[in-house]
$ cat run15.txt   # compact mmCIF, C-alpha atoms
# COMPACT_ATOMS: atom_id res chain seq x y z
CA MET Z 1 -101.76 23.09 -226.23
CA VAL Z 2 -103.85 21.13 -223.71
CA ALA Z 3 -104.96 17.72 -224.95
CA ARG Z 4 -108.74 17.40 -224.99
CA LYS Z 5 -109.81 14.78 -222.46
CA THR Z 6 -113.03 13.01 -221.56
CA VAL Z 7 -114.26 13.08 -217.96
CA ALA Z 8 -117.10 10.92 -216.68
CA ILE Z 9 -119.03 12.31 -213.72
CA ILE Z 10 -121.33 10.12 -211.64
CA GLY Z 11 -124.27 12.20 -210.41
CA ALA Z 12 -125.89 15.42 -211.62
CA GLY Z 13 -126.24 17.14 -208.24
CA PRO Z 14 -124.44 20.39 -207.36
CA SER Z 15 -120.93 18.93 -207.11
CA GLY Z 16 -121.31 17.11 -210.42
CA THR Z 17 -122.61 20.15 -212.30
CA VAL Z 18 -120.06 22.56 -210.80
CA ALA Z 19 -117.21 20.22 -211.78
CA ALA Z 20 -118.71 19.72 -215.24
CA ALA Z 21 -119.05 23.45 -215.89
CA LEU Z 22 -115.45 24.12 -214.86
CA LEU Z 23 -114.13 21.34 -217.07
CA ARG Z 24 -116.18 22.55 -220.03
CA LYS Z 25 -114.74 26.05 -219.53
CA ASN Z 26 -111.37 24.43 -220.18
CA ASN Z 27 -112.65 22.66 -223.30
CA HIS Z 28 -112.78 19.10 -221.96
CA ASP Z 29 -115.51 16.65 -222.93
CA VAL Z 30 -117.77 15.82 -220.01
CA VAL Z 31 -120.48 13.19 -219.64
CA ILE Z 32 -122.66 13.01 -216.51
CA PHE Z 33 -124.39 9.76 -215.65
CA GLU Z 34 -127.37 10.22 -213.32
CA LYS Z 35 -129.50 7.26 -212.26
CA GLN Z 36 -132.57 9.39 -211.52
CA TYR Z 37 -134.61 11.75 -213.67
CA PHE Z 38 -134.87 15.46 -212.92
CA PRO Z 39 -136.60 17.21 -211.28
CA ARG Z 40 -136.34 15.00 -208.23
CA PHE Z 41 -136.57 15.59 -204.50
CA SER Z 42 -133.34 16.05 -202.57
CA ILE Z 43 -132.49 17.30 -199.13
CA GLY Z 44 -129.92 20.05 -198.45
CA GLU Z 45 -131.83 23.22 -199.26
CA SER Z 46 -129.98 25.88 -197.28
CA LEU Z 47 -126.93 27.16 -199.13
CA LEU Z 48 -124.03 28.93 -197.47
CA CYS Z 49 -122.40 32.08 -198.82
CA SER Z 50 -119.28 30.28 -200.02
CA CYS Z 51 -121.46 28.15 -202.31
CA LEU Z 52 -122.21 31.22 -204.43
CA GLU Z 53 -118.50 31.79 -204.98
CA ASP Z 54 -118.11 28.24 -206.32
CA LEU Z 55 -121.16 28.72 -208.55
CA ASP Z 56 -119.79 32.04 -209.78
CA ASN Z 57 -116.39 30.53 -210.50
CA ALA Z 58 -118.12 27.84 -212.58
CA GLY Z 59 -120.23 30.37 -214.50
CA LEU Z 60 -123.46 29.05 -212.97
CA LEU Z 61 -124.45 31.82 -210.59
CA GLY Z 62 -126.43 33.83 -213.12
CA VAL Z 63 -129.17 31.23 -213.61
CA ILE Z 64 -129.56 30.92 -209.84
CA GLU Z 65 -129.77 34.68 -209.30
CA GLN Z 66 -132.58 34.87 -211.87
CA ALA Z 67 -134.62 32.04 -210.31
CA ASN Z 68 -136.28 34.04 -207.50
CA PHE Z 69 -135.11 31.77 -204.71
CA GLN Z 70 -135.54 32.92 -201.11
CA VAL Z 71 -132.66 35.18 -200.05
CA LYS Z 72 -130.81 33.99 -196.96
CA THR Z 73 -128.93 36.60 -194.91
CA GLY Z 74 -127.95 34.51 -191.90
CA ALA Z 75 -128.90 31.91 -189.32
CA ALA Z 76 -131.12 32.06 -186.24
CA PHE Z 77 -130.97 29.70 -183.27
CA GLN Z 78 -133.66 29.14 -180.66
CA HIS Z 79 -133.80 27.13 -177.45
CA ASN Z 80 -136.81 27.82 -175.24
CA ASN Z 81 -136.48 31.51 -174.32
CA ARG Z 82 -132.96 31.87 -175.72
CA TYR Z 83 -132.58 33.29 -179.23
CA ALA Z 84 -129.47 34.19 -181.22
CA THR Z 85 -128.89 35.45 -184.74
CA PHE Z 86 -125.84 35.51 -186.99
CA ASN Z 87 -125.88 37.95 -189.92
CA PHE Z 88 -123.64 36.99 -192.81
CA ALA Z 89 -122.96 40.67 -193.59
CA GLU Z 90 -121.09 40.81 -190.27
CA ASN Z 91 -118.77 37.84 -190.80
CA PHE Z 92 -114.98 37.92 -190.45
CA THR Z 93 -114.12 36.68 -193.95
CA ASP Z 94 -114.21 38.90 -197.00
CA GLY Z 95 -116.88 37.20 -199.09
CA LYS Z 96 -120.55 37.07 -199.96
CA ASP Z 97 -122.93 38.52 -197.37
CA SER Z 98 -126.03 36.57 -198.43
CA THR Z 99 -127.04 33.41 -200.21
CA TYR Z 100 -130.23 31.46 -201.03
CA GLN Z 101 -132.57 28.85 -199.58
CA VAL Z 102 -133.64 26.62 -202.45
CA GLU Z 103 -136.00 23.82 -203.27
CA ARG Z 104 -133.43 21.35 -204.50
CA ALA Z 105 -135.65 19.81 -207.19
CA LYS Z 106 -135.75 23.17 -208.98
CA PHE Z 107 -132.19 24.19 -208.07
CA ASP Z 108 -130.54 20.98 -209.26
CA LYS Z 109 -132.50 20.97 -212.52
CA LEU Z 110 -131.51 24.57 -213.23
CA LEU Z 111 -127.84 23.67 -212.84
CA ALA Z 112 -128.21 20.50 -214.92
CA ASP Z 113 -129.99 22.37 -217.71
CA GLU Z 114 -127.31 25.04 -217.72
CA VAL Z 115 -124.38 22.63 -218.00
CA ALA Z 116 -126.23 20.85 -220.79
CA ARG Z 117 -126.45 24.21 -222.57
CA LEU Z 118 -122.69 24.54 -222.09
CA GLY Z 119 -122.13 21.27 -223.94
CA VAL Z 120 -122.08 18.65 -221.19
CA ASP Z 121 -123.77 15.36 -222.11
CA LEU Z 122 -126.30 14.35 -219.44
CA CYS Z 123 -127.44 10.74 -219.38
CA PHE Z 124 -130.42 10.39 -217.05
CA GLY Z 125 -131.77 7.02 -215.93
CA GLU Z 126 -128.32 5.42 -216.22
CA GLN Z 127 -126.62 3.68 -213.31
CA VAL Z 128 -122.94 2.79 -212.93
CA GLU Z 129 -122.68 -0.92 -212.10
CA ASP Z 130 -118.96 -1.62 -212.44
CA ILE Z 131 -115.66 0.10 -213.05
CA ARG Z 132 -112.24 -0.97 -214.32
CA PHE Z 133 -109.03 1.05 -214.54
CA GLU Z 134 -106.65 0.42 -217.41
CA ASN Z 135 -105.23 3.37 -219.36
CA GLY Z 136 -108.13 5.36 -218.02
CA VAL Z 137 -111.57 4.35 -216.83
CA GLU Z 138 -114.06 1.87 -218.20
CA LEU Z 139 -117.52 2.16 -216.71
CA THR Z 140 -120.24 -0.43 -217.07
CA LEU Z 141 -123.63 1.28 -217.16
CA ARG Z 142 -127.20 0.07 -217.12
CA LYS Z 143 -129.94 2.09 -218.76
CA ALA Z 144 -133.48 2.28 -217.41
CA ASP Z 145 -134.60 -0.36 -219.94
CA GLY Z 146 -131.99 -2.81 -218.60
CA GLN Z 147 -129.53 -2.44 -221.46
CA GLN Z 148 -125.87 -2.54 -220.46
CA TYR Z 149 -122.95 -0.84 -222.18
CA GLN Z 150 -119.38 0.29 -221.52
CA PHE Z 151 -118.06 3.83 -221.56
CA HIS Z 152 -114.38 4.81 -221.61
CA ALA Z 153 -113.07 8.04 -220.08
CA ASP Z 154 -109.73 9.48 -219.08
CA PHE Z 155 -110.89 10.18 -215.52
CA VAL Z 156 -113.99 9.78 -213.37
CA LEU Z 157 -115.37 12.06 -210.65
CA ASP Z 158 -117.83 10.49 -208.23
CA ALA Z 159 -120.50 13.07 -207.38
CA SER Z 160 -123.13 10.47 -206.50
CA GLY Z 161 -123.86 11.85 -203.04
CA TYR Z 162 -125.48 9.40 -200.66
CA GLY Z 163 -125.34 6.79 -203.45
CA ARG Z 164 -121.56 6.63 -202.85
CA VAL Z 165 -121.01 4.64 -206.03
CA LEU Z 166 -117.21 4.36 -206.13
CA PRO Z 167 -116.75 3.87 -202.37
CA ARG Z 168 -119.02 0.82 -202.69
CA LEU Z 169 -117.53 -0.54 -205.91
CA LEU Z 170 -113.92 0.02 -204.83
CA ASP Z 171 -114.36 -1.00 -201.17
CA LEU Z 172 -113.33 2.42 -199.90
CA GLU Z 173 -115.91 2.89 -197.15
CA VAL Z 174 -114.91 3.07 -193.50
CA PRO Z 175 -117.21 3.68 -190.51
CA SER Z 176 -117.84 7.25 -189.50
CA THR Z 177 -116.66 8.31 -186.06
CA LEU Z 178 -119.91 10.27 -185.58
CA VAL Z 179 -122.90 8.86 -183.71
CA THR Z 180 -125.56 7.34 -185.96
CA ARG Z 181 -128.46 9.75 -186.30
CA ARG Z 182 -131.66 9.98 -188.30
CA ALA Z 183 -133.26 12.95 -190.01
CA VAL Z 184 -137.06 13.02 -190.42
CA PHE Z 185 -138.30 15.81 -192.66
CA THR Z 186 -140.84 17.18 -195.10
CA HIS Z 187 -141.97 20.31 -196.94
CA ILE Z 188 -144.97 22.31 -195.76
CA THR Z 189 -147.10 25.24 -196.82
CA ASP Z 190 -146.13 27.19 -193.75
CA TYR Z 191 -148.63 30.03 -193.08
CA PHE Z 192 -146.28 31.22 -190.37
CA SER Z 193 -148.19 33.47 -188.00
CA ASP Z 194 -145.20 34.48 -185.89
CA LYS Z 195 -144.40 38.00 -187.09
CA ALA Z 196 -140.97 37.76 -185.51
CA PHE Z 197 -139.98 34.92 -187.84
CA ASP Z 198 -137.31 36.05 -190.29
CA ARG Z 199 -137.78 34.35 -193.66
CA GLU Z 200 -134.27 35.41 -194.65
CA LYS Z 201 -132.69 33.11 -192.08
CA ILE Z 202 -132.61 29.39 -191.49
CA LEU Z 203 -134.01 28.68 -188.03
CA ILE Z 204 -132.28 25.99 -185.97
CA THR Z 205 -134.29 25.05 -182.90
CA THR Z 206 -132.94 22.98 -180.04
CA HIS Z 207 -135.46 20.57 -178.50
CA ALA Z 208 -137.00 21.98 -175.33
CA SER Z 209 -135.50 19.37 -173.00
CA ASN Z 210 -133.04 17.24 -174.98
CA PRO Z 211 -130.17 19.25 -176.51
CA GLU Z 212 -129.12 16.26 -178.65
CA ILE Z 213 -132.28 16.82 -180.71
CA TRP Z 214 -132.57 19.76 -183.06
CA PHE Z 215 -134.88 20.97 -185.82
CA TRP Z 216 -134.39 22.94 -188.98
CA THR Z 217 -136.92 25.33 -190.49
CA ILE Z 218 -135.85 26.54 -193.94
CA PRO Z 219 -138.28 29.02 -195.52
CA PHE Z 220 -138.57 29.03 -199.31
CA ALA Z 221 -140.11 31.63 -201.55
CA GLU Z 222 -143.89 31.56 -202.05
CA GLY Z 223 -144.82 30.48 -198.53
CA ARG Z 224 -143.30 27.03 -198.32
CA SER Z 225 -140.68 25.65 -195.95
CA SER Z 226 -138.57 22.61 -195.30
CA ILE Z 227 -138.86 21.34 -191.74
CA GLY Z 228 -137.08 18.42 -190.13
CA VAL Z 229 -135.72 16.94 -186.94
CA VAL Z 230 -132.42 15.15 -186.26
CA VAL Z 231 -132.34 12.58 -183.46
CA PRO Z 232 -130.14 9.70 -182.31
CA GLU Z 233 -131.09 6.66 -184.36
CA SER Z 234 -131.81 4.66 -181.20
CA LEU Z 235 -134.44 7.20 -180.12
CA TYR Z 236 -136.27 6.90 -183.43
CA VAL Z 237 -136.15 3.09 -183.47
CA ASN Z 238 -137.22 2.72 -179.85
CA SER Z 239 -140.17 5.07 -180.34
CA GLN Z 240 -141.79 2.56 -182.74
CA LEU Z 241 -143.69 5.50 -184.26
CA ASP Z 242 -144.39 6.06 -187.93
CA SER Z 243 -142.21 8.83 -189.32
CA ASP Z 244 -145.07 11.35 -189.69
CA ILE Z 245 -146.23 10.84 -186.11
CA PHE Z 246 -142.64 10.92 -184.87
CA LEU Z 247 -141.94 14.29 -186.49
CA GLN Z 248 -145.14 15.81 -185.13
CA THR Z 249 -144.42 14.39 -181.67
CA MET Z 250 -140.94 15.93 -181.56
CA ILE Z 251 -142.30 19.30 -182.68
CA ASN Z 252 -145.11 19.19 -180.10
CA GLU Z 253 -142.50 18.67 -177.38
CA THR Z 254 -140.88 21.98 -178.34
CA PRO Z 255 -143.40 24.83 -177.78
CA SER Z 256 -141.42 27.55 -179.56
CA LEU Z 257 -141.53 25.53 -182.77
CA SER Z 258 -144.99 24.00 -182.40
CA SER Z 259 -146.53 27.46 -182.03
CA LEU Z 260 -144.73 28.62 -185.16
CA VAL Z 261 -146.06 25.80 -187.38
CA GLU Z 262 -149.51 25.36 -185.83
CA ASP Z 263 -151.34 26.76 -188.87
CA SER Z 264 -149.15 25.01 -191.45
CA GLU Z 265 -150.45 22.62 -194.09
CA TRP Z 266 -148.64 19.28 -194.08
CA ASP Z 267 -149.06 18.48 -197.75
CA THR Z 268 -145.90 16.52 -198.62
CA PRO Z 269 -144.89 12.96 -197.69
CA ILE Z 270 -142.48 12.55 -194.78
CA ASN Z 271 -138.95 11.45 -195.67
CA THR Z 272 -136.29 9.90 -193.47
CA LEU Z 273 -132.55 9.49 -193.84
CA ALA Z 274 -130.46 7.45 -191.41
CA GLY Z 275 -126.80 6.58 -191.05
CA TYR Z 276 -125.83 9.40 -193.39
CA SER Z 277 -122.46 10.21 -191.79
CA ALA Z 278 -119.75 8.55 -193.84
CA ASN Z 279 -116.00 8.38 -194.43
CA VAL Z 280 -113.60 6.72 -196.88
CA LYS Z 281 -110.08 5.28 -197.02
CA THR Z 282 -109.00 7.72 -199.71
CA LEU Z 283 -110.49 10.62 -201.65
CA HIS Z 284 -108.65 9.88 -204.89
CA GLY Z 285 -106.83 7.33 -207.05
CA GLU Z 286 -104.88 7.35 -210.30
CA TYR Z 287 -107.99 7.82 -212.42
CA PHE Z 288 -110.65 8.97 -209.95
CA ALA Z 289 -111.58 11.47 -207.27
CA LEU Z 290 -114.51 11.55 -204.85
CA LEU Z 291 -116.58 14.70 -204.47
CA GLY Z 292 -118.88 15.87 -201.69
CA ASN Z 293 -121.07 13.35 -199.93
CA ALA Z 294 -119.62 10.52 -202.01
CA ALA Z 295 -116.42 11.12 -200.06
CA GLU Z 296 -117.47 12.26 -196.61
CA PHE Z 297 -120.64 13.59 -195.04
CA LEU Z 298 -120.76 14.91 -191.50
CA ASP Z 299 -124.18 16.10 -190.44
CA PRO Z 300 -126.87 18.48 -191.70
CA VAL Z 301 -126.72 20.83 -188.70
CA PHE Z 302 -124.70 23.64 -190.32
CA SER Z 303 -125.60 22.96 -193.97
CA SER Z 304 -122.03 21.91 -194.65
CA GLY Z 305 -122.92 19.11 -197.10
CA VAL Z 306 -123.57 21.16 -200.24
CA THR Z 307 -120.75 23.52 -199.25
CA ILE Z 308 -118.17 20.74 -199.06
CA ALA Z 309 -119.60 19.22 -202.25
CA MET Z 310 -119.19 22.41 -204.31
CA HIS Z 311 -115.77 23.20 -202.85
CA SER Z 312 -114.53 19.68 -203.61
CA ALA Z 313 -115.82 20.03 -207.18
CA THR Z 314 -113.95 23.31 -207.64
CA LEU Z 315 -110.70 21.89 -206.27
CA ALA Z 316 -110.90 18.64 -208.25
CA ALA Z 317 -111.85 20.22 -211.58
CA GLU Z 318 -109.05 22.77 -211.40
CA LEU Z 319 -106.46 20.13 -210.46
CA LEU Z 320 -107.69 17.79 -213.16
CA HIS Z 321 -107.28 20.47 -215.82
CA GLN Z 322 -103.74 21.12 -214.60
CA GLN Z 323 -103.04 17.38 -214.80
CA PHE Z 324 -104.42 17.22 -218.33
CA SER Z 325 -102.15 20.18 -219.14
CA GLY Z 326 -99.10 18.09 -218.28
CA HIS Z 327 -98.47 19.15 -214.69
CA ASP Z 328 -97.64 16.60 -212.00
CA ILE Z 329 -100.37 16.80 -209.38
CA ASP Z 330 -99.96 15.63 -205.82
CA TRP Z 331 -103.61 14.79 -205.23
CA GLU Z 332 -103.05 13.93 -201.57
CA ASN Z 333 -101.63 17.33 -200.67
CA GLU Z 334 -103.37 19.49 -203.24
CA TYR Z 335 -106.81 17.88 -203.01
CA SER Z 336 -107.32 15.68 -199.95
CA GLU Z 337 -105.42 17.79 -197.45
CA LYS Z 338 -106.85 21.06 -198.73
CA LEU Z 339 -110.39 19.72 -198.70
CA LYS Z 340 -109.93 18.33 -195.20
CA ILE Z 341 -109.16 21.79 -193.83
CA GLY Z 342 -112.83 22.66 -194.19
CA ILE Z 343 -114.13 19.18 -193.41
CA ASN Z 344 -112.19 19.05 -190.14
CA CYS Z 345 -113.25 22.57 -189.24
CA PHE Z 346 -116.92 21.72 -189.74
CA ARG Z 347 -116.37 18.45 -187.82
CA THR Z 348 -115.21 20.42 -184.78
CA TYR Z 349 -118.42 22.43 -184.66
CA VAL Z 350 -120.65 19.43 -185.42
CA GLU Z 351 -119.16 17.34 -182.63
CA ASN Z 352 -119.32 20.23 -180.18
CA TRP Z 353 -122.89 21.00 -181.16
CA TYR Z 354 -123.96 17.57 -179.97
CA ASN Z 355 -121.93 17.69 -176.74
CA GLN Z 356 -123.52 21.13 -176.18
CA ARG Z 357 -120.27 23.10 -175.92
CA PHE Z 358 -120.90 24.90 -179.20
CA GLN Z 359 -124.52 25.41 -178.20
CA ASP Z 360 -123.22 27.28 -175.15
CA VAL Z 361 -121.29 29.53 -177.52
CA VAL Z 362 -124.18 30.05 -179.94
CA TYR Z 363 -126.70 30.91 -177.23
CA TYR Z 364 -124.34 33.08 -175.16
CA GLN Z 365 -126.12 36.38 -174.63
CA ASP Z 366 -123.17 38.80 -174.49
CA PRO Z 367 -120.74 37.74 -177.25
CA ASP Z 368 -117.66 39.67 -178.24
CA PRO Z 369 -118.53 41.11 -181.70
CA HIS Z 370 -115.13 40.24 -183.21
CA ILE Z 371 -115.29 36.64 -182.03
CA LYS Z 372 -118.91 36.36 -183.12
CA ALA Z 373 -117.85 37.52 -186.60
CA MET Z 374 -115.30 34.69 -186.75
CA ILE Z 375 -117.95 32.14 -185.80
CA CYS Z 376 -120.34 33.70 -188.30
CA SER Z 377 -117.78 33.15 -191.07
CA ILE Z 378 -117.87 29.41 -190.44
CA LEU Z 379 -121.67 29.44 -190.46
CA ALA Z 380 -121.40 31.26 -193.82
CA GLY Z 381 -119.27 28.41 -195.18
CA TYR Z 382 -115.82 29.99 -195.04
CA ALA Z 383 -114.31 26.95 -193.34
CA TRP Z 384 -111.15 27.13 -195.48
CA ASP Z 385 -110.19 30.66 -194.38
CA LYS Z 386 -107.04 29.92 -192.36
CA ASN Z 387 -106.79 33.60 -191.40
CA ASN Z 388 -109.69 32.86 -189.07
CA PRO Z 389 -108.29 31.32 -185.87
CA PHE Z 390 -111.57 29.46 -185.39
CA VAL Z 391 -110.67 27.63 -188.62
CA SER Z 392 -106.91 27.24 -188.30
CA ASP Z 393 -107.06 26.21 -184.63
CA SER Z 394 -110.73 25.30 -184.38
CA GLU Z 395 -110.63 22.75 -181.57
CA ASN Z 396 -108.51 24.79 -179.16
CA LYS Z 397 -110.19 28.09 -179.88
CA LEU Z 398 -113.68 26.64 -179.53
CA ASN Z 399 -112.83 24.85 -176.28
CA LEU Z 400 -111.42 28.05 -174.81
CA LEU Z 401 -114.46 30.04 -175.88
CA ALA Z 402 -116.89 27.42 -174.60
CA ASP Z 403 -115.15 27.44 -171.20
CA ILE Z 404 -115.53 31.23 -171.04
CA CYS Z 405 -119.21 31.06 -171.96
CA GLN Z 406 -119.93 28.33 -169.41
CA ALA Z 407 -118.13 30.25 -166.64
CA SER Z 408 -120.03 33.49 -167.31

$ encode --input "run15.txt" --output "structure tokens"
Amino acid sequence: MVARKTVAIIGAGPSGTVAAALLRKNNHDVVIFEKQYFPRFSIGESLLCSCLEDLDNAGLLGVIEQANFQVKTGAAFQHNNRYATFNFAENFTDGKDSTYQVERAKFDKLLADEVARLGVDLCFGEQVEDIRFENGVELTLRKADGQQYQFHADFVLDASGYGRVLPRLLDLEVPSTLVTRRAVFTHITDYFSDKAFDREKILITTHASNPEIWFWTIPFAEGRSSIGVVVPESLYVNSQLDSDIFLQTMINETPSLSSLVEDSEWDTPINTLAGYSANVKTLHGEYFALLGNAAEFLDPVFSSGVTIAMHSATLAAELLHQQFSGHDIDWENEYSEKLKIGINCFRTYVENWYNQRFQDVVYYQDPDPHIKAMICSILAGYAWDKNNPFVSDSENKLNLLADICQAS
């Protein structure tokens, strides 16, 4: 019989709730500490197909399917007069052929409410201030009214996202190898007049003249969209523009996008996020594991953040239950190395997006359908499918393909 254990989870975002639901399925006690109150704004609205498999595995997919979120069937890319689409129904990997584009405030609250219904204790407005390890975990927490208290658990999962609680407290952070970039974004009432716009796809637009700059347009249900731009941090700082003017300026420099949003209502404050790429010395310790963005975040370009977060939650929760069941777990090989298969795959395509080699592949006008299906699988989130050579040998395969596209 498995001993009943207590797991503390820091953060009630998607990785925290997926991990919590899986642990509750195995009859463990779970407490989530979340410093904010829900609903709250969060970025990362475009889910990939593999996310739905993690939600399904955790027993959380049903509440999402009933929520009337915008269906997402693929991704579209645009650069001046070049346009390319990837349909998830045509991907190489046997998996889901569609997913959702979600307003995260509603999405995250739905997941939090559901895990609460499953018996998870959610403590909102409580921030982890310190941690000690001795026969388990002792967390020092501060409530919204300033009151401090200690909480003991057998294990802690850090799902704090950009808050990166344990990396800061345990001095685990190391500089990212990726260039520092800034995202500037908002939500709009879109009134899109372009009849060719496909609301079932995320639109990624490359800046008209600077391929290092790109935009996302993520349509939601009920006529709203998320729109944002990603630029080198130095470009944003040197512009000396306020964030709202900066975003509008970038859009105006890209006619294909400016014509799409010309009738939109800009009714939500502009947000910015800088220096988001992150890395750590280790993803785990004797009594802890890091999930999702708390461990490593690459870049928003292919919506990999929520995908990695949910996949890490699934891996960690299943390993933790095995450990509680008396099995010896090699967390380095069974968690870190397995998780890094997908992280490193996504890293290949992120890095080659910014040096334009992957853009050459994406915008190539006469792709081989079989190869395109393999690329589409990665865009659908199946970055752990080692049967796909563009996963198992991502760097070499992509370089070879980019050379072919450039030579054609």

$ closest_residue --input "run15.txt" --among "Z:Phe77, Z:Leu47, Z:Val120, Z:His327" --to "Lys96 (chain Z)" --atoms "all atoms listed in the file"
Z:Leu47

$ residues_around --input "run15.txt" --residues "Pro255 (chain Z)" --least-positions-apart "6" --cutoff "12 Å" --atoms "all atoms listed in the file" --output "JSON, numbers by chain"
{"Z": [78, 79, 80, 81, 205, 206, 207, 208, 209, 248, 249, 261, 262]}

$ residues_around --input "run15.txt" --residues "Ser408 (chain Z)" --least-positions-apart "2" --cutoff "12 Å" --atoms "only C-alpha atoms" --output "ChimeraX atom specification"
/Z:360-361,364-367,401-406

$ closest_residue --input "run15.txt" --among "Z:Tyr287, Z:Ala183, Z:Phe33, Z:Trp216" --to "Gln323 (chain Z)" --atoms "only C-alpha atoms"
Z:Tyr287

$ residues_near_point --input "run15.txt" --point "(-122.6, 20.3, -200.3)" --cutoff "9 Å" --atoms "all atoms listed in the file" --output "JSON, numbers by chain"
{"Z": [14, 15, 44, 47, 51, 161, 292, 293, 297, 303, 304, 305, 306, 307, 308, 309, 310, 311, 312]}

$ closest_residue --input "run15.txt" --among "Z:Ile251, Z:Val362, Z:Val128, Z:Val280" --to "Gln150 (chain Z)" --atoms "only C-alpha atoms"
Z:Val128

$ atom_distance --input "run15.txt" --atom1 "CA of Phe151 (chain Z)" --atom2 "CA of Glu138 (chain Z)"
5.6 Å

$ decode --input "run15.txt" --residues "region 286-341 of chain Z" --atoms "C-alpha atoms" --output "mmCIF file, in the first residue's frame"
data_model
loop_
_atom_site.group_PDB
_atom_site.id
_atom_site.type_symbol
_atom_site.label_atom_id
_atom_site.label_comp_id
_atom_site.auth_asym_id
_atom_site.auth_seq_id
_atom_site.Cartn_x
_atom_site.Cartn_y
_atom_site.Cartn_z
ATOM 1 C CA GLU Z 286 16.250 15.454 -2.898
ATOM 2 C CA TYR Z 287 12.954 17.062 -1.933
ATOM 3 C CA PHE Z 288 12.102 19.311 -4.887
ATOM 4 C CA ALA Z 289 11.612 19.537 -8.632
ATOM 5 C CA LEU Z 290 11.190 22.554 -10.903
ATOM 6 C CA LEU Z 291 8.355 22.670 -13.415
ATOM 7 C CA GLY Z 292 7.878 24.708 -16.575
ATOM 8 C CA ASN Z 293 9.040 28.303 -16.630
ATOM 9 C CA ALA Z 294 10.378 28.009 -13.086
ATOM 10 C CA ALA Z 295 13.005 25.711 -14.581
ATOM 11 C CA GLU Z 296 13.658 26.976 -18.087
ATOM 12 C CA PHE Z 297 11.897 29.279 -20.512
ATOM 13 C CA LEU Z 298 13.048 29.721 -24.089
ATOM 14 C CA ASP Z 299 10.933 32.145 -26.066
ATOM 15 C CA PRO Z 300 7.258 32.676 -26.905
ATOM 16 C CA VAL Z 301 7.666 32.208 -30.661
ATOM 17 C CA PHE Z 302 6.309 28.641 -30.911
ATOM 18 C CA SER Z 303 4.123 28.641 -27.775
ATOM 19 C CA SER Z 304 6.463 26.139 -26.157
ATOM 20 C CA GLY Z 305 6.189 27.592 -22.633
ATOM 21 C CA VAL Z 306 2.850 26.113 -21.562
ATOM 22 C CA THR Z 307 3.692 22.912 -23.450
ATOM 23 C CA ILE Z 308 6.940 22.369 -21.547
ATOM 24 C CA ALA Z 309 5.190 23.360 -18.310
ATOM 25 C CA MET Z 310 2.428 20.751 -18.658
ATOM 26 C CA HIS Z 311 4.803 18.042 -19.859
ATOM 27 C CA SER Z 312 7.146 18.670 -16.926
ATOM 28 C CA ALA Z 313 4.184 18.460 -14.541
ATOM 29 C CA THR Z 314 3.122 15.114 -16.000
ATOM 30 C CA LEU Z 315 6.631 13.673 -15.778
ATOM 31 C CA ALA Z 316 7.289 14.940 -12.250
ATOM 32 C CA ALA Z 317 3.941 13.894 -10.773
ATOM 33 C CA GLU Z 318 4.209 10.368 -12.155
ATOM 34 C CA LEU Z 319 7.803 9.961 -10.922
ATOM 35 C CA LEU Z 320 6.923 11.374 -7.529
ATOM 36 C CA HIS Z 321 4.107 8.858 -7.091
ATOM 37 C CA GLN Z 322 6.510 6.050 -8.003
ATOM 38 C CA GLN Z 323 8.983 7.393 -5.443
ATOM 39 C CA PHE Z 324 6.279 7.538 -2.781
ATOM 40 C CA SER Z 325 5.444 3.930 -3.718
ATOM 41 C CA GLY Z 326 8.938 2.852 -2.710
ATOM 42 C CA HIS Z 327 10.702 2.846 -6.068
ATOM 43 C CA ASP Z 328 14.188 4.315 -6.459
ATOM 44 C CA ILE Z 329 13.927 7.168 -8.945
ATOM 45 C CA ASP Z 330 16.855 8.503 -10.920
ATOM 46 C CA TRP Z 331 15.520 12.032 -11.303
ATOM 47 C CA GLU Z 332 18.400 13.114 -13.522
ATOM 48 C CA ASN Z 333 17.767 10.463 -16.160
ATOM 49 C CA GLU Z 334 14.049 9.970 -15.731
ATOM 50 C CA TYR Z 335 13.080 13.627 -15.323
ATOM 51 C CA SER Z 336 15.775 16.088 -16.387
ATOM 52 C CA GLU Z 337 17.076 14.206 -19.400
ATOM 53 C CA LYS Z 338 13.615 13.254 -20.622
ATOM 54 C CA LEU Z 339 12.322 16.789 -20.241
ATOM 55 C CA LYS Z 340 15.365 18.186 -22.026
ATOM 56 C CA ILE Z 341 14.571 16.168 -25.151
#
